[in-house]
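Working notes, structure below.
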Amino acid sequence: MPRISFSFRSVLLVMAVFMICQSHAQDGLFKNIAQRLEKYNQLYLREKIYLHSDKDFYIAGEIVWFKIYYVDGGSHQPIHVSKVAYVEILDRNNKAVLQAKIPLADNGGNGSFYLPLTLNSDYYTLKAYTNWMKNAGNEIFFEKKISVVNTVRTAVSSSSGDAPAAEATFFPEGGHLVEGIETTIAFRITGKNGKGTDARGIVTDNTGDTILQFSPHRFGIGHFTFKPVAGKSYTAIILLPGGKYIHRALPVAEPFGYVMNVTDNKDGRLKVVVQAKARQTNQAGEDLFLLAHNPQSIKFSAQRYISYNNELVFYIDKVRLGEGVNHVTLFNKDQQPVCERLVFIHPSSPVPAEITSNKKVYAARQPVDLSVLLKSNTDIDAANCSVSVYQLDSLQEAGGMNIVNYFSLLSDLKGNIESPAWYFSHEEGVDEAMDNLLLTHGWRRFRWDSILDDRPVAAFKFIPEYRGHVISGKVINTTSGMAVANADCFLTVPSAPFGFYISQSDSTGSVKFEVRNYYGPGEIIAQVGEQNKNNYRVDINSPFADDSSSSGLSYFALPEKSEYDLLQKSIAMQAQNIYRPDSIRKFTVPLLQDTLPFFGRAEYAYLLDDYKRFTTMEEVLREYVIAVNVVLRNSKLYMSIFDDATRQIYHDNILVMLDGVPLSDYNKIFSYDPLKVKKLEVVPRRYLFGSRIFSGIASFETYNGKFDGFELNPALLSIDYEGLQLQREFYSPVYQGGDQQSRIPDLRTTLYWTPELLTDRSGKANLQFYTSDQKGKFIVVLEGISKKGNAVFGTATFSVE
């Protein structure tokens with residue numbers, strides 16, 4: 001007996017030591033998850049974009065005005081990393097109908113789109129992102145639904161077929177249903193227009209028995225509790241307004257797995273209840289790890305042991321969580337995320353803007369003076385704002401997306417959220433509605449695979465454009481079709497001044513050119529700078545994202561009784577285009593800081609009109625271009641450059657350019673018509689540029705700055721390529737004296753737009769504009785961001801009679 005007792009105690013001791021060691025090892029593994037997340041947050045820059053458009057409803061023929069707010073994804077403070085944002089308008093088939101590259105500066109960026117009369121009446125997606133954001137995909141892109149109606153032609157909506165009368169979707173809390181475990185299921189019921197609908201439903205099992213009844217709380221969203229039974233399937237039967245029924249299958253319950261439920265404990269804490277069911281009956285339990293975080297940092301973490309078929313409870317103090325959306329994620333013993341839930345903490349930092357006008361009612365063509373005061377209990381430290389003033393009617397919806405609800409809520413959710421501003425009101429039932437909304441989301445924004453795989457930042461495909469727009473391409477061997485590595489490539493932007501760039505392809509054949517000061521429509525010319533260049537070509541990539549929109553567009557239908565408002569908007573659009581056509585085509589050309597070519601100021605520069613004009617290039621070079629020698633050898637003209645500093649003559653490797661395009665056979669310049677050349681610059685010395693050393697430079701520039709006169713070498717690729725968007729001027733007339741009596745109609749429905757209204761440190765600003773001939777109610781919408789990352793929002797209304 002003593003020996004048996006000793007043996008039993010030894011076994012117990014060994015088991016205890018093993019469990020302690022295993023616990024320490026498991027604890028280290030779970031800590032590794034938190035450490036990887038912290039490391040990821042430190043290494044991976046999180047960019048976020050919010051786009052303020054002047055309104056949400058447009059007539060084809062109008063202009064979409066927008067301001068881009070570019071901030072850190074966690075703190076929402078303005079940042080200055082990427083210098084270009086990409087903005088697109090997509091149709092419901094995710095085809096881009098309009099695209100633009102918008103320069104980003106200290107106060108963000110701004111731009112505009114003229115909506116062509118070829119657009120169909122439909123919903124469209126307004127999308128914005130940076131090159132760096134493309135690494136995470138369209139889930140973090142800014143997206144907003146806008147309406148466009150074409151009133152001048154009969155157009156068929158791009159919607160394919162008839163939309164379903166209604167749709168219902170079910171979302172188990174945490175992500176899973178497990179047989180025998182009671183949990184919460186959220187649901188969303190939407191009508192044909194994509195908005196929530198008031199419906200009633202029941203859940204039945206496969207024998208036809210009714211299990212429960214349910215109905216939505218707000219916007220077609222609600223929840224119910226449910227315990228699935230093994231061997232049974234379940235169907236929701238939903239009665240829609242109008243008496244029609246739809247049937248939808250509930251998600252299939254799994255025989256084993258994890259269930260997580262999160263509730264407000266009403267004592268300042270969240271209660272997290274975890275239940276688990278083992279794959280094998282002989283398993284007793286396992287260690288689980290709970291992590292709560294927001295885009296900035298980890299807010300809570302805990303490790304607990306769960307016995308299968310029992311509950312495990314965590315408590316999280318809400319004061320520990322960050323403002324806005326927080327992710328609560330459960331990891332199993334294999335460090336895999338198995339459940340996730342979103343919880344929301346109302347932000348305390350938004351700054352309301354108080355907007356006051358000098359009058360409440362105005363006559364036509366009168367000045368409107370507005371005063372802005374930002375109301376905050378803390379030092380505002382100035383704010384960068386944008387302001388839109390437009391007419392309110394049956395076609396413009398209120399309570400939509402704004403900078404406050406986007407930064408704190410919408411940017412972490414997927415899809416269209418109905419009336420997002422309501423969730424920030426103080427109406428009864430808001431907290432329950434917010435929780436229901438979050439129950440219908442999860443596993444949307446955060447990609448644990450890239451964190452747990454410990455992927456280095458260098459592995460990201462798209463780089464930040466921290467100095468300007470990057471034009472990328474791929475070098476291809478035209479014979480084999482294979483990518484070509486380590487090939488020198490040239491890119492030219494013919495303009496005045498022209499842009500010339502050299503880069504080398506990497507191991508995959510990819511090549512990138514960092515282009516500066518390229519604005520407006522134009523063309524680019526790419527070529528390979530190798531000896532056997534005729535065997536290669538450079539394919540230029542589109543800088544716009546390939547990812548489709550993450551938000552589906554609902555069936556398009558105009559509001560009832562909107563014919564009159566639509567007619568008035570159509571007349572206003574046509575009047576503006578007929579009587580003020582130049583007002584929509586005024587652009588501001590940016591003042592370039594550097595107007596010199598890449599080689600700077602050349603030692604010799606010749607404006608050919610200052611000299612006698614010769615009819616051959618040979619005569620021009622011989623007569624007055626000092627550093628260039630022309631020799632005749634074997635009945636052929638050759639060029640050489642004399643370097644006065646080293647007393648050397650260079651015959652080879654001379655960079656001869658026409659409008660910035662290198663000539664592979666630079667002696668071909670002798671056959672070019674000199675009467676087309678405006679300017680010649682010569683650099684008579686060795687010049688290092690990129691990976692190449694040239695023995696001198698002779699740069700010829702034509703009057704129109706376009707590379708012409710030579711037939712393009714097959715190795716050269718010339719394509720239309722639009723640079724950064726030129727800024728369009730907003731038309732805002734000033735009526736003084738007799739201007740108010742002008743008979744030219746002023747039917748503007750958007751009275752004012754400014755992308756840059758800067759408040760002082762006390763949060764004050766003033767602005768003025770004039771009313772039009774339009775009568776009705778107008779709304780002033782101000783959005784902005786402070787230097788400290790506080791979102792600013794405010795509205796005001798006035799009338800014109």
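We label chains A, B, ... in the order they appear in the structure tokens, count residues from 1 in each chain, and number ligands from 1 in the order shown.
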How would you write, as number ranges by chain, the set of residues in region 45-246 of chain A that DSSP gives as helix (DSSP H, G or I)? A: 132-135, 138-140, 173-175
Distance query Thr440 (chain A) at most 8 Å, only C-alpha atoms, self and fewer than 6 positions along chain excluded, as a ChimeraX atom specification: /A:170-171,186-188
Nearest residue to Ile471 (chain A) from the set A:Lys31, A:Lys101, A:Arg622, A:His52 (distances using only C-alpha atoms): A:Lys101
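Distances from A:Ser742, A:Ser495, A:Asn535, A:Thr169 to Asn517 (chain A) were compared using only C-alpha atoms, and the smallest one belongs to A:Ser495.
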Mind checking which residues fall within 8 Å of Glu182 (chain A), counting only C-alpha atoms, ignoring those fewer than 6 positions away in the same chain, and posting them as a VMD selection string? chain A and resid 225 to 228
As a list in words, please: the residues near Leu663 (chain A) (cut-off 10 Å, only C-alpha atoms, same-chain neighbours under 6 positions excluded). Ile654, Leu655, Val656, Met657, Ile669, Phe710 and Asn713 of chain A
Ile59 (chain A) surroundings by only C-alpha atoms, 12 Å radius, close-in-sequence under 4 positions cut, as a PyMOL selection string: chain A and resi 55+63-64+114-123+146-153+395-396+565-574+749-750
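The space between CA of His247 (chain A) and CA of Gly191 (chain A) spans 14.3 Å.
Our summary of the geometry notes that CA of Leu290 (chain A) is positioned 22.2 Å from CA of His346 (chain A).
What separates CA of Ser371 (chain A) from CA of Asn358 (chain A) is a distance of 8.3 Å.
Closest approach to His217 (chain A) among A:Ala236, A:Leu437, A:Ile181, A:Ile79 is made by A:Leu437 (distances from only C-alpha atoms).
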Select from region 445-535 of chain A every residue with an atom at most 9 Å from any atom of region 673-690 of chain A, then for each give the shortest pair of atoms and their distance in Å to one decimal, using only C-alpha atoms, rows by chain and rising number, as JSON lines.
```
{"residue": "A:Tyr501", "atom": "CA", "partner": "A:Gly690", "partner_atom": "CA", "distance": 8.1}
{"residue": "A:Ile502", "atom": "CA", "partner": "A:Gly690", "partner_atom": "CA", "distance": 5.8}
{"residue": "A:Ser503", "atom": "CA", "partner": "A:Gly690", "partner_atom": "CA", "distance": 6.7}
{"residue": "A:Gln504", "atom": "CA", "partner": "A:Gly690", "partner_atom": "CA", "distance": 8.7}
```
Quick one: write out the picked residues with N, CA and C atoms as a compact mmCIF listing (two decimals), in the first residue's frame?
```
# COMPACT_ATOMS: atom_id res chain seq x y z
N TYR A 501 12.26 60.46 -65.98
CA TYR A 501 12.51 59.63 -64.81
C TYR A 501 13.17 58.33 -65.24
N ILE A 502 14.07 57.84 -64.40
CA ILE A 502 14.76 56.58 -64.65
C ILE A 502 14.51 55.66 -63.46
N SER A 503 14.22 54.40 -63.75
CA SER A 503 14.06 53.42 -62.69
C SER A 503 14.49 52.07 -63.21
N GLN A 504 14.68 51.13 -62.31
CA GLN A 504 15.12 49.79 -62.68
C GLN A 504 14.11 48.78 -62.19
```
Excluding Ala353 (chain A) and residues on its chain fewer than 5 positions from it, collect all residues at most 8 Å away from it, counting only C-alpha atoms, and give them as a list in words. Val372, Leu373, Leu374, Lys375, Leu782, Val792, Phe793, Gly794 and Thr795 of chain A
Output of the above residues as a PDB file, in the first residue's frame, restricted to all heavy atoms:
```pdb
ATOM      1  N   VAL A 372     -19.241  81.161 -37.645  1.00  0.00           N
ATOM      2  CA  VAL A 372     -19.011  79.802 -37.154  1.00  0.00           C
ATOM      3  C   VAL A 372     -18.299  79.881 -35.811  1.00  0.00           C
ATOM      4  O   VAL A 372     -17.312  80.623 -35.661  1.00  0.00           O
ATOM      5  CB  VAL A 372     -18.173  78.982 -38.150  1.00  0.00           C
ATOM      6  CG1 VAL A 372     -17.855  77.606 -37.591  1.00  0.00           C
ATOM      7  CG2 VAL A 372     -18.901  78.854 -39.480  1.00  0.00           C
ATOM      8  N   LEU A 373     -18.798  79.122 -34.844  1.00  0.00           N
ATOM      9  CA  LEU A 373     -18.155  79.025 -33.537  1.00  0.00           C
ATOM     10  C   LEU A 373     -18.124  77.561 -33.134  1.00  0.00           C
ATOM     11  O   LEU A 373     -19.171  76.916 -33.012  1.00  0.00           O
ATOM     12  CB  LEU A 373     -18.906  79.847 -32.485  1.00  0.00           C
ATOM     13  CG  LEU A 373     -18.369  79.736 -31.048  1.00  0.00           C
ATOM     14  CD1 LEU A 373     -16.936  80.255 -30.972  1.00  0.00           C
ATOM     15  CD2 LEU A 373     -19.274  80.474 -30.083  1.00  0.00           C
ATOM     16  N   LEU A 374     -16.921  77.020 -32.937  1.00  0.00           N
ATOM     17  CA  LEU A 374     -16.783  75.628 -32.502  1.00  0.00           C
ATOM     18  C   LEU A 374     -16.915  75.571 -30.990  1.00  0.00           C
ATOM     19  O   LEU A 374     -16.217  76.279 -30.263  1.00  0.00           O
ATOM     20  CB  LEU A 374     -15.429  75.066 -32.947  1.00  0.00           C
ATOM     21  CG  LEU A 374     -15.116  75.188 -34.447  1.00  0.00           C
ATOM     22  CD1 LEU A 374     -13.833  74.451 -34.766  1.00  0.00           C
ATOM     23  CD2 LEU A 374     -16.267  74.660 -35.298  1.00  0.00           C
ATOM     24  N   LYS A 375     -17.829  74.728 -30.515  1.00  0.00           N
ATOM     25  CA  LYS A 375     -18.127  74.622 -29.085  1.00  0.00           C
ATOM     26  C   LYS A 375     -17.383  73.421 -28.524  1.00  0.00           C
ATOM     27  O   LYS A 375     -17.645  72.285 -28.879  1.00  0.00           O
ATOM     28  CB  LYS A 375     -19.628  74.440 -28.875  1.00  0.00           C
ATOM     29  CG  LYS A 375     -20.490  75.453 -29.632  1.00  0.00           C
ATOM     30  CD  LYS A 375     -20.477  76.830 -29.016  1.00  0.00           C
ATOM     31  CE  LYS A 375     -21.301  76.860 -27.763  1.00  0.00           C
ATOM     32  NZ  LYS A 375     -21.419  78.242 -27.206  1.00  0.00           N
ATOM     33  N   LEU A 782     -21.398  72.005 -42.260  1.00  0.00           N
ATOM     34  CA  LEU A 782     -19.971  72.225 -41.998  1.00  0.00           C
ATOM     35  C   LEU A 782     -19.375  70.950 -41.418  1.00  0.00           C
ATOM     36  O   LEU A 782     -19.917  70.374 -40.469  1.00  0.00           O
ATOM     37  CB  LEU A 782     -19.777  73.392 -41.036  1.00  0.00           C
ATOM     38  CG  LEU A 782     -18.325  73.757 -40.675  1.00  0.00           C
ATOM     39  CD1 LEU A 782     -18.175  75.266 -40.460  1.00  0.00           C
ATOM     40  CD2 LEU A 782     -17.839  73.030 -39.403  1.00  0.00           C
ATOM     41  N   VAL A 792     -15.364  67.674 -36.388  1.00  0.00           N
ATOM     42  CA  VAL A 792     -16.189  68.877 -36.269  1.00  0.00           C
ATOM     43  C   VAL A 792     -17.382  68.732 -37.203  1.00  0.00           C
ATOM     44  O   VAL A 792     -17.227  68.363 -38.374  1.00  0.00           O
ATOM     45  CB  VAL A 792     -15.381  70.143 -36.631  1.00  0.00           C
ATOM     46  CG1 VAL A 792     -16.268  71.378 -36.554  1.00  0.00           C
ATOM     47  CG2 VAL A 792     -14.174  70.296 -35.720  1.00  0.00           C
ATOM     48  N   PHE A 793     -18.583  69.034 -36.677  1.00  0.00           N
ATOM     49  CA  PHE A 793     -19.777  68.927 -37.503  1.00  0.00           C
ATOM     50  C   PHE A 793     -20.841  69.889 -36.998  1.00  0.00           C
ATOM     51  O   PHE A 793     -21.003  70.078 -35.793  1.00  0.00           O
ATOM     52  CB  PHE A 793     -20.336  67.498 -37.483  1.00  0.00           C
ATOM     53  CG  PHE A 793     -21.587  67.326 -38.302  1.00  0.00           C
ATOM     54  CD1 PHE A 793     -21.525  67.304 -39.679  1.00  0.00           C
ATOM     55  CD2 PHE A 793     -22.821  67.207 -37.677  1.00  0.00           C
ATOM     56  CE1 PHE A 793     -22.673  67.153 -40.438  1.00  0.00           C
ATOM     57  CE2 PHE A 793     -23.982  67.050 -38.426  1.00  0.00           C
ATOM     58  CZ  PHE A 793     -23.900  67.026 -39.819  1.00  0.00           C
ATOM     59  N   GLY A 794     -21.568  70.490 -37.936  1.00  0.00           N
ATOM     60  CA  GLY A 794     -22.660  71.373 -37.567  1.00  0.00           C
ATOM     61  C   GLY A 794     -23.514  71.701 -38.771  1.00  0.00           C
ATOM     62  O   GLY A 794     -23.047  71.661 -39.923  1.00  0.00           O
ATOM     63  N   THR A 795     -24.773  72.014 -38.531  1.00  0.00           N
ATOM     64  CA  THR A 795     -25.698  72.394 -39.601  1.00  0.00           C
ATOM     65  C   THR A 795     -26.518  73.600 -39.165  1.00  0.00           C
ATOM     66  O   THR A 795     -26.661  73.889 -37.976  1.00  0.00           O
ATOM     67  CB  THR A 795     -26.648  71.242 -39.966  1.00  0.00           C
ATOM     68  OG1 THR A 795     -27.472  70.943 -38.830  1.00  0.00           O
ATOM     69  CG2 THR A 795     -25.887  70.011 -40.395  1.00  0.00           C
TER      70      THR A 795
END
```
Which residues in region 496-656 of chain A does DSSP call strand (DSSP E)? List them as a ChimeraX atom specification. /A:499-504,510-515,523-528,536-540,587-588,604-607,628-633,636-643,648-650,655-656
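For the set A:Val81, A:Ile140, A:Leu90, A:Met617, the residue with the smallest atom-to-atom gap to Gly108 (chain A) is A:Val81, counting only C-alpha atoms.
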Please provide as a list in words all residues within 6 Å of region 330-334 of chain A, with the sequence filter that same-chain residues fewer than 4 positions apart are discarded (counting only C-alpha atoms). Asp287, Leu288, Phe289, Leu290, Val338 and Cys339 of chain A
For Ser510 (chain A), which of A:Val178, A:Leu98, A:Val343, A:Cys489 is the closest residue, counting only C-alpha atoms? A:Cys489
